[in-house]
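Enquirer: Next up, protein_39.cif (mmCIF, C-alpha atoms).
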```
data_my_file
loop_
_atom_site.group_PDB
_atom_site.id
_atom_site.type_symbol
_atom_site.label_atom_id
_atom_site.label_comp_id
_atom_site.auth_asym_id
_atom_site.auth_seq_id
_atom_site.Cartn_x
_atom_site.Cartn_y
_atom_site.Cartn_z
ATOM 1 C CA MET A 30 -14.468 -22.357 -10.646
ATOM 2 C CA ALA A 31 -15.442 -19.649 -13.155
ATOM 3 C CA ALA A 32 -16.599 -16.413 -11.618
ATOM 4 C CA PRO A 33 -19.590 -16.125 -14.027
ATOM 5 C CA PHE A 34 -20.655 -19.626 -12.950
ATOM 6 C CA ILE A 35 -20.698 -18.603 -9.292
ATOM 7 C CA HIS A 36 -22.436 -15.375 -10.288
ATOM 8 C CA ALA A 37 -25.154 -17.357 -12.042
ATOM 9 C CA LEU A 38 -25.940 -19.051 -8.755
ATOM 10 C CA THR A 39 -26.328 -15.699 -7.000
ATOM 11 C CA LEU A 40 -28.881 -14.709 -9.652
ATOM 12 C CA GLY A 41 -30.766 -18.005 -9.330
ATOM 13 C CA LEU A 42 -30.041 -19.088 -12.910
ATOM 14 C CA PRO A 43 -30.043 -22.791 -13.859
ATOM 15 C CA VAL A 44 -26.438 -23.752 -14.513
ATOM 16 C CA GLY A 45 -25.109 -25.923 -17.277
ATOM 17 C CA VAL A 46 -21.507 -27.100 -17.257
ATOM 18 C CA VAL A 47 -18.167 -25.483 -16.548
ATOM 19 C CA GLN A 48 -15.132 -26.819 -18.360
ATOM 20 C CA GLY A 49 -11.628 -25.401 -18.359
ATOM 21 C CA GLU A 50 -11.699 -21.616 -18.554
ATOM 22 C CA TRP A 51 -15.088 -21.471 -20.256
ATOM 23 C CA GLY A 52 -18.384 -21.624 -18.404
ATOM 24 C CA VAL A 53 -21.755 -22.315 -19.989
ATOM 25 C CA LEU A 54 -24.758 -20.729 -18.269
ATOM 26 C CA ARG A 55 -28.110 -22.270 -19.175
ATOM 27 C CA THR A 56 -30.830 -19.660 -19.678
ATOM 28 C CA PRO A 57 -34.465 -20.505 -20.462
ATOM 29 C CA ASP A 58 -33.795 -20.053 -24.194
ATOM 30 C CA ASP A 59 -30.276 -21.136 -25.003
ATOM 31 C CA PHE A 60 -26.710 -21.703 -23.837
ATOM 32 C CA VAL A 61 -24.514 -18.636 -23.425
ATOM 33 C CA PRO A 62 -20.734 -19.231 -23.344
ATOM 34 C CA VAL A 63 -18.838 -16.768 -21.149
ATOM 35 C CA LYS A 64 -15.145 -16.291 -20.551
ATOM 36 C CA THR A 65 -13.883 -16.829 -17.038
ATOM 37 C CA GLY A 66 -13.519 -13.537 -15.180
ATOM 38 C CA LEU A 67 -15.629 -10.517 -14.315
ATOM 39 C CA LEU A 68 -18.575 -9.616 -16.506
ATOM 40 C CA PRO A 69 -20.245 -6.206 -16.545
ATOM 41 C CA ASN A 70 -23.573 -7.762 -15.503
ATOM 42 C CA MET A 71 -21.981 -8.962 -12.262
ATOM 43 C CA VAL A 72 -22.672 -5.487 -10.892
ATOM 44 C CA THR A 73 -26.349 -6.490 -10.699
ATOM 45 C CA LEU A 74 -25.442 -8.493 -7.605
ATOM 46 C CA LEU A 75 -25.376 -5.170 -5.746
ATOM 47 C CA GLU A 76 -29.127 -4.782 -6.112
ATOM 48 C CA GLY A 77 -29.561 -7.468 -3.474
ATOM 49 C CA ASP A 78 -29.232 -7.340 0.298
ATOM 50 C CA PRO A 79 -25.585 -7.753 1.348
ATOM 51 C CA ALA A 80 -26.689 -9.280 4.662
ATOM 52 C CA GLY A 81 -28.081 -12.329 2.863
ATOM 53 C CA PHE A 82 -25.361 -12.664 0.241
ATOM 54 C CA HIS A 83 -23.391 -15.617 1.612
ATOM 55 C CA ASP A 84 -26.468 -17.568 2.712
ATOM 56 C CA ASN A 85 -28.059 -17.178 -0.731
ATOM 57 C CA LEU A 86 -24.852 -18.098 -2.516
ATOM 58 C CA GLN A 87 -24.323 -21.204 -0.389
ATOM 59 C CA ALA A 88 -27.930 -22.235 -0.990
ATOM 60 C CA GLY A 89 -27.350 -21.919 -4.722
ATOM 61 C CA LEU A 90 -24.196 -23.996 -4.493
ATOM 62 C CA ARG A 91 -25.964 -26.752 -2.559
ATOM 63 C CA ALA A 92 -28.802 -26.763 -5.093
ATOM 64 C CA ALA A 93 -26.201 -27.298 -7.813
ATOM 65 C CA ALA A 94 -24.637 -30.146 -5.794
ATOM 66 C CA LEU A 95 -21.491 -28.100 -5.167
ATOM 67 C CA PRO A 96 -19.618 -27.573 -1.887
ATOM 68 C CA ASP A 97 -20.485 -24.523 0.233
ATOM 69 C CA ALA A 98 -16.786 -23.689 0.445
ATOM 70 C CA LEU A 99 -16.893 -22.381 -3.123
ATOM 71 C CA ALA A 100 -18.700 -19.311 -1.784
ATOM 72 C CA ALA A 101 -15.321 -18.043 -0.572
ATOM 73 C CA THR A 102 -14.073 -17.914 -4.186
ATOM 74 C CA TYR A 103 -16.588 -15.291 -5.239
ATOM 75 C CA PRO A 104 -14.714 -12.148 -6.415
ATOM 76 C CA LEU A 105 -16.612 -9.757 -4.160
ATOM 77 C CA ALA A 106 -14.072 -6.911 -4.018
ATOM 78 C CA PRO A 107 -13.674 -6.788 -7.836
ATOM 79 C CA THR A 108 -17.465 -6.769 -8.186
ATOM 80 C CA LEU A 109 -17.695 -3.820 -5.793
ATOM 81 C CA ARG A 110 -14.948 -2.108 -7.775
ATOM 82 C CA LEU A 111 -17.173 -2.360 -10.851
ATOM 83 C CA GLY A 112 -19.957 -0.553 -9.013
ATOM 84 C CA LEU A 113 -17.691 2.128 -7.577
ATOM 85 C CA GLN A 114 -16.289 2.883 -11.023
ATOM 86 C CA TRP A 115 -19.570 2.584 -12.946
ATOM 87 C CA GLY A 116 -20.208 6.314 -13.234
ATOM 88 C CA ALA A 117 -23.872 6.204 -12.171
ATOM 89 C CA ALA A 118 -25.136 7.218 -8.736
ATOM 90 C CA TYR A 119 -27.428 4.173 -8.594
ATOM 91 C CA TRP A 120 -24.544 1.684 -8.736
ATOM 92 C CA GLU A 121 -22.157 3.907 -6.781
ATOM 93 C CA GLU A 122 -24.518 3.982 -3.787
ATOM 94 C CA ARG A 123 -25.106 0.250 -3.873
ATOM 95 C CA ALA A 124 -21.388 -0.487 -4.125
ATOM 96 C CA LEU A 125 -20.748 1.809 -1.157
ATOM 97 C CA ARG A 126 -23.408 0.011 0.868
ATOM 98 C CA TRP A 127 -21.829 -3.374 0.175
ATOM 99 C CA THR A 128 -18.319 -2.036 0.785
ATOM 100 C CA GLU A 129 -19.341 -0.768 4.206
ATOM 101 C CA HIS A 130 -21.264 -3.925 5.113
ATOM 102 C CA PHE A 131 -18.354 -6.242 4.322
ATOM 103 C CA GLN A 132 -15.732 -3.813 5.677
ATOM 104 C CA LEU A 133 -13.774 -3.871 2.417
ATOM 105 C CA ALA A 134 -12.756 -0.204 2.416
ATOM 106 C CA GLY A 135 -9.138 -1.222 2.979
ATOM 107 C CA GLN A 136 -9.096 -3.135 -0.317
ATOM 108 C CA LEU A 137 -10.858 -0.387 -2.271
ATOM 109 C CA GLY A 138 -9.125 2.708 -0.928
ATOM 110 C CA ASP A 139 -8.007 4.068 -4.309
ATOM 111 C CA GLU A 140 -11.481 3.709 -5.799
ATOM 112 C CA LEU A 141 -13.094 5.314 -2.745
ATOM 113 C CA ARG A 142 -10.733 8.292 -2.823
ATOM 114 C CA THR A 143 -11.487 8.814 -6.508
ATOM 115 C CA LEU A 144 -15.220 8.511 -5.907
ATOM 116 C CA ALA A 145 -14.995 11.061 -3.086
ATOM 117 C CA GLN A 146 -14.011 13.548 -5.801
ATOM 118 C CA THR A 147 -16.027 12.310 -8.792
ATOM 119 C CA GLY A 148 -19.181 10.753 -7.300
ATOM 120 C CA LYS A 149 -22.363 11.702 -9.095
ATOM 121 C CA THR A 150 -24.104 13.046 -5.997
ATOM 122 C CA GLN A 151 -23.050 14.813 -2.814
ATOM 123 C CA ARG A 152 -24.317 11.828 -0.815
ATOM 124 C CA VAL A 153 -22.025 9.510 -2.791
ATOM 125 C CA ARG A 154 -19.018 11.818 -2.421
ATOM 126 C CA HIS A 155 -19.453 12.217 1.344
ATOM 127 C CA TRP A 156 -20.053 8.484 1.826
ATOM 128 C CA ALA A 157 -16.998 7.594 -0.232
ATOM 129 C CA GLN A 158 -14.887 10.113 1.683
ATOM 130 C CA ARG A 159 -15.904 8.585 5.018
ATOM 131 C CA LEU A 160 -15.053 5.078 3.832
ATOM 132 C CA ALA A 161 -11.782 6.312 2.326
ATOM 133 C CA ARG A 162 -10.786 7.646 5.735
ATOM 134 C CA MET A 163 -11.646 4.263 7.169
ATOM 135 C CA ALA A 164 -9.386 2.677 4.548
ATOM 136 C CA ASP A 165 -6.549 4.971 5.622
ATOM 137 C CA ARG A 166 -7.042 3.958 9.258
ATOM 138 C CA ASN A 167 -6.916 0.289 8.307
ATOM 139 C CA HIS A 168 -3.981 0.656 5.919
ATOM 140 C CA GLN A 169 -1.200 -1.839 6.613
ATOM 141 C CA ILE A 170 2.241 -0.218 6.407
ATOM 142 C CA ALA A 171 4.479 -2.925 4.982
ATOM 143 C CA SER A 172 7.941 -1.478 5.527
ATOM 144 C CA ALA A 173 9.948 1.237 7.261
ATOM 145 C CA GLN A 174 10.516 2.967 3.926
ATOM 146 C CA GLU A 175 6.785 3.057 3.226
ATOM 147 C CA PHE A 176 6.193 4.808 6.561
ATOM 148 C CA LEU A 177 8.901 7.367 5.774
ATOM 149 C CA ASP A 178 7.425 7.965 2.320
ATOM 150 C CA LEU A 179 3.932 8.424 3.774
ATOM 151 C CA ARG A 180 5.156 10.735 6.536
ATOM 152 C CA ASN A 181 7.106 12.914 4.082
ATOM 153 C CA SER A 182 4.349 13.007 1.472
ATOM 154 C CA THR A 183 2.752 16.334 0.520
ATOM 155 C CA ASP A 184 -0.473 14.488 -0.339
ATOM 156 C CA PRO A 185 -2.814 14.874 2.686
ATOM 157 C CA GLU A 186 -4.417 11.477 2.043
ATOM 158 C CA LEU A 187 -1.073 9.679 2.082
ATOM 159 C CA TYR A 188 0.141 11.746 5.029
ATOM 160 C CA GLN A 189 -2.890 10.593 7.043
ATOM 161 C CA ARG A 190 -1.898 6.970 6.525
ATOM 162 C CA ALA A 191 1.283 7.641 8.475
ATOM 163 C CA ALA A 192 -0.861 8.724 11.416
ATOM 164 C CA HIS A 193 -3.445 5.937 11.236
ATOM 165 C CA GLY A 194 -1.908 3.033 9.300
ATOM 166 C CA ARG A 195 -1.069 -0.188 11.097
ATOM 167 C CA ALA A 196 2.335 -1.865 11.076
ATOM 168 C CA SER A 197 4.033 -4.816 12.694
ATOM 169 C CA LEU A 198 6.391 -4.439 15.639
ATOM 170 C CA GLU A 199 9.238 -5.286 13.261
ATOM 171 C CA VAL A 200 8.318 -2.381 10.972
ATOM 172 C CA TRP A 201 8.138 0.123 13.842
ATOM 173 C CA THR A 202 11.508 -1.075 15.123
ATOM 174 C CA ALA A 203 12.980 -0.680 11.639
ATOM 175 C CA VAL A 204 11.583 2.858 11.292
ATOM 176 C CA MET A 205 13.224 3.961 14.532
ATOM 177 C CA ALA A 206 16.539 2.399 13.522
ATOM 178 C CA LEU A 207 16.438 3.846 10.012
ATOM 179 C CA ASP A 208 15.545 7.389 11.050
ATOM 180 C CA PRO A 209 15.636 8.200 14.793
ATOM 181 C CA GLU A 210 14.090 11.602 14.017
ATOM 182 C CA MET A 211 10.877 9.723 13.214
ATOM 183 C CA LYS A 212 10.388 8.465 16.788
ATOM 184 C CA PHE A 213 8.055 11.360 17.556
ATOM 185 C CA TRP A 214 5.862 10.388 14.592
ATOM 186 C CA VAL A 215 5.950 6.702 15.498
ATOM 187 C CA ALA A 216 4.564 7.646 18.930
ATOM 188 C CA HIS A 217 2.020 9.864 17.161
ATOM 189 C CA ASN A 218 0.602 6.951 15.143
ATOM 190 C CA LYS A 219 -2.837 6.036 16.518
ATOM 191 C CA THR A 220 -2.316 2.278 16.175
ATOM 192 C CA VAL A 221 1.239 1.861 17.472
ATOM 193 C CA PRO A 222 1.331 -0.982 20.050
ATOM 194 C CA PRO A 223 1.808 -0.270 23.786
ATOM 195 C CA GLU A 224 5.219 -1.974 23.850
ATOM 196 C CA VAL A 225 6.545 0.605 21.378
ATOM 197 C CA LEU A 226 5.163 3.434 23.530
ATOM 198 C CA THR A 227 6.890 1.914 26.553
ATOM 199 C CA LEU A 228 10.170 1.751 24.634
ATOM 200 C CA LEU A 229 9.839 5.380 23.556
ATOM 201 C CA SER A 230 9.001 6.558 27.081
ATOM 202 C CA SER A 231 12.731 6.378 27.881
ATOM 203 C CA ASP A 232 13.842 8.266 24.791
ATOM 204 C CA PRO A 233 16.328 11.091 25.488
ATOM 205 C CA ASP A 234 14.236 13.518 23.418
ATOM 206 C CA PRO A 235 11.573 15.119 25.677
ATOM 207 C CA ARG A 236 9.371 15.727 22.613
ATOM 208 C CA VAL A 237 9.112 11.969 22.087
ATOM 209 C CA ARG A 238 8.323 11.353 25.776
ATOM 210 C CA TRP A 239 5.735 14.179 25.615
ATOM 211 C CA MET A 240 3.996 12.495 22.686
ATOM 212 C CA VAL A 241 3.992 9.139 24.489
ATOM 213 C CA ALA A 242 2.382 10.811 27.526
ATOM 214 C CA THR A 243 -0.500 12.080 25.357
ATOM 215 C CA ARG A 244 -1.474 8.611 24.166
ATOM 216 C CA ARG A 245 -4.456 6.863 25.725
ATOM 217 C CA ALA A 246 -2.925 3.535 24.734
ATOM 218 C CA CYS A 247 0.045 4.201 26.998
ATOM 219 C CA PRO A 248 0.175 1.455 29.694
ATOM 220 C CA PRO A 249 -0.486 2.644 33.300
ATOM 221 C CA GLU A 250 2.991 1.593 34.433
ATOM 222 C CA THR A 251 4.519 3.646 31.634
ATOM 223 C CA LEU A 252 2.423 6.666 32.625
ATOM 224 C CA GLY A 253 3.734 6.129 36.156
ATOM 225 C CA GLN A 254 7.291 6.331 34.854
ATOM 226 C CA LEU A 255 6.508 9.496 32.896
ATOM 227 C CA ALA A 256 4.903 11.067 35.967
ATOM 228 C CA ASN A 257 8.458 11.262 37.347
ATOM 229 C CA ASP A 258 9.872 12.759 34.165
ATOM 230 C CA PRO A 259 12.337 15.631 34.699
ATOM 231 C CA ASP A 260 10.530 17.632 31.996
ATOM 232 C CA GLU A 261 7.483 19.383 33.460
ATOM 233 C CA SER A 262 5.667 19.414 30.095
ATOM 234 C CA VAL A 263 5.757 15.608 30.045
ATOM 235 C CA ARG A 264 4.333 15.388 33.576
ATOM 236 C CA LEU A 265 1.623 17.856 32.580
ATOM 237 C CA ARG A 266 0.584 15.645 29.672
ATOM 238 C CA VAL A 267 0.359 12.685 32.028
ATOM 239 C CA ALA A 268 -2.013 14.693 34.231
ATOM 240 C CA PHE A 269 -4.134 15.518 31.182
ATOM 241 C CA ASN A 270 -4.152 11.906 29.902
ATOM 242 C CA ALA A 271 -7.721 10.545 30.103
ATOM 243 C CA LYS A 272 -6.384 7.132 31.127
ATOM 244 C CA CYS A 273 -4.217 8.431 33.968
ATOM 245 C CA PRO A 274 -5.059 6.298 37.065
ATOM 246 C CA PRO A 275 -6.489 8.174 40.097
ATOM 247 C CA ALA A 276 -3.563 7.085 42.289
ATOM 248 C CA LEU A 277 -1.201 8.742 39.828
ATOM 249 C CA LEU A 278 -3.263 11.932 39.824
ATOM 250 C CA VAL A 279 -2.998 12.005 43.612
ATOM 251 C CA ARG A 280 0.779 11.931 43.297
ATOM 252 C CA LEU A 281 0.790 14.622 40.603
ATOM 253 C CA ALA A 282 -1.485 16.814 42.730
ATOM 254 C CA SER A 283 1.613 17.476 44.869
ATOM 255 C CA ASP A 284 3.896 18.147 41.904
ATOM 256 C CA THR A 285 6.473 20.923 42.314
ATOM 257 C CA GLU A 286 5.227 22.526 39.087
ATOM 258 C CA PRO A 287 2.053 24.499 39.968
ATOM 259 C CA GLU A 288 0.295 23.875 36.629
ATOM 260 C CA VAL A 289 0.838 20.110 36.852
ATOM 261 C CA ALA A 290 -0.543 20.080 40.402
ATOM 262 C CA ARG A 291 -3.506 22.254 39.413
ATOM 263 C CA VAL A 292 -4.512 20.007 36.494
ATOM 264 C CA ALA A 293 -4.153 16.865 38.600
ATOM 265 C CA ARG A 294 -6.334 18.310 41.396
ATOM 266 C CA SER A 295 -8.917 19.446 38.851
ATOM 267 C CA ARG A 296 -9.049 15.959 37.339
ATOM 268 C CA LEU A 297 -9.460 14.381 40.784
ATOM 269 C CA LYS A 298 -12.265 16.781 41.652
ATOM 270 C CA ALA A 299 -14.078 15.987 38.410
ATOM 271 C CA GLN A 300 -13.837 12.247 39.146
ATOM 272 C CA ALA A 301 -15.102 12.559 42.727
#
```
Represent the structure contained in this file as structure tokens.

Expert:
Amino acid sequence: MAAPFIHALTLGLPVGVVQGEWGVLRTPDDFVPVKTGLLPNMVTLLEGDPAGFHDNLQAGLRAAALPDALAATYPLAPTLRLGLQWGAAYWEERALRWTEHFQLAGQLGDELRTLAQTGKTQRVRHWAQRLARMADRNHQIASAQEFLDLRNSTDPELYQRAAHGRASLEVWTAVMALDPEMKFWVAHNKTVPPEVLTLLSSDPDPRVRWMVATRRACPPETLGQLANDPDESVRLRVAFNAKCPPALLVRLASDTEPEVARVARSRLKAQA
């Protein structure tokens, strides 16, 4: 199905025929042949309300005796890319609104980062920057080497992806096998799964165990293990952990290290 054909339905235009890679859109005056693919005028879609987009498109498809499922073929991300790159604040703002509504920042990260620097207004630049950060948090790290490249990058935007990007358990396992020195930074990642934190809680490096103890995602049983850690700095981080269970704080309140005991008692008092 030609993208311009689907676009015609979103604009409420009467539609002629679509054959091969050429679509013919019937206007009130004549037939206009268009090549399959994105057209500059597709950016006008962004003038509408994103909340009603799919309902309106499906209604147009039904009116043209076409299946609703074709709505899924609409090239929404490329259309938003047109708006983000248009060079006018009017279209930039509308593209940002649609990007946020459909949570497509992850697919448009490069464009958002560029717009954060080149947007025509301060509002556009700040909005784009916020969505770009969201894209970094949702970035999917595909391989151990990608994580290492991100972590070692001197570009702050890429570096942030190492702290917030998501990865599969297989990728995290590969990172730790490829470069054991990266275990600290694996534990530092804000999306690393609890099973990886549990694995790292037994690491011989106290720095790694310390980082695990700081994480709110650390399972309670793993925090319990770390509460017995021979390194007092690790036990202290357990006492500071916002997710530390009260029963564990009671145990730490009698810790042999005065600072650990003090923090645990203070936390218990605040929860009383």

Enquirer: Which neighbours of Asp139 of chain A fall inside 12 Å, counting all atoms listed in the file, when residues of the same chain fewer than 5 positions from it are skipped, and could you give them as number ranges by chain?

Expert: A: 110, 113-114, 133-134, 144-146, 157-158, 160-162, 164-165, 168, 186-187

Enquirer: So what do you get for atom CA of Ser283 of chain A versus atom CA of Glu224 of chain A, distance-wise?

Expert: 28.9 Å

Enquirer: Please write as a short mmCIF file (atom, residue, chain, number, x, y, z; two decimals) with C-alpha atoms, in the frame of the given file the list of polymer residues whose atoms come within 12 Å of (0.4, 11.1, 42.1), counting all atoms listed in the file and keeping to the coordinates of the file.

Expert:
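Resulting contents of result_10.cif:
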```cif
data_model
loop_
_atom_site.label_atom_id
_atom_site.label_comp_id
_atom_site.auth_asym_id
_atom_site.auth_seq_id
_atom_site.Cartn_x
_atom_site.Cartn_y
_atom_site.Cartn_z
CA LEU A 252 2.42 6.67 32.62
CA GLY A 253 3.73 6.13 36.16
CA GLN A 254 7.29 6.33 34.85
CA LEU A 255 6.51 9.50 32.90
CA ALA A 256 4.90 11.07 35.97
CA ASN A 257 8.46 11.26 37.35
CA ARG A 264 4.33 15.39 33.58
CA LEU A 265 1.62 17.86 32.58
CA VAL A 267 0.36 12.68 32.03
CA ALA A 268 -2.01 14.69 34.23
CA CYS A 273 -4.22 8.43 33.97
CA PRO A 274 -5.06 6.30 37.06
CA PRO A 275 -6.49 8.17 40.10
CA ALA A 276 -3.56 7.08 42.29
CA LEU A 277 -1.20 8.74 39.83
CA LEU A 278 -3.26 11.93 39.82
CA VAL A 279 -3.00 12.00 43.61
CA ARG A 280 0.78 11.93 43.30
CA LEU A 281 0.79 14.62 40.60
CA ALA A 282 -1.48 16.81 42.73
CA SER A 283 1.61 17.48 44.87
CA ASP A 284 3.90 18.15 41.90
CA THR A 285 6.47 20.92 42.31
CA VAL A 289 0.84 20.11 36.85
CA ALA A 290 -0.54 20.08 40.40
CA VAL A 292 -4.51 20.01 36.49
CA ALA A 293 -4.15 16.86 38.60
CA ARG A 294 -6.33 18.31 41.40
CA ARG A 296 -9.05 15.96 37.34
CA LEU A 297 -9.46 14.38 40.78
#
```

Enquirer: What separation in Å, quoted to one decimal, exists between atom CA of Pro235 of chain A and atom CA of Val263 of chain A?

Expert: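 Separation between atom CA of Pro235 of chain A and atom CA of Val263 of chain A: 7.3 Å.
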
Enquirer: Choose the residue, out of A:Asn218, A:Thr150, A:Gln136, A:Thr243, that has the smallest atom-to-atom separation from Phe176 of chain A; count all atoms listed in the file.

Expert: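 Comparing A:Asn218, A:Thr150, A:Gln136, A:Thr243 against Phe176 of chain A, the winner is A:Asn218.
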
Enquirer: If you measure from atom CA of His217 of chain A to atom CA of Lys272 of chain A, what distance in Å do you get, rounded to one decimal?

Expert: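 So the two atoms, atom CA of His217 of chain A and atom CA of Lys272 of chain A, lie 16.5 Å apart.
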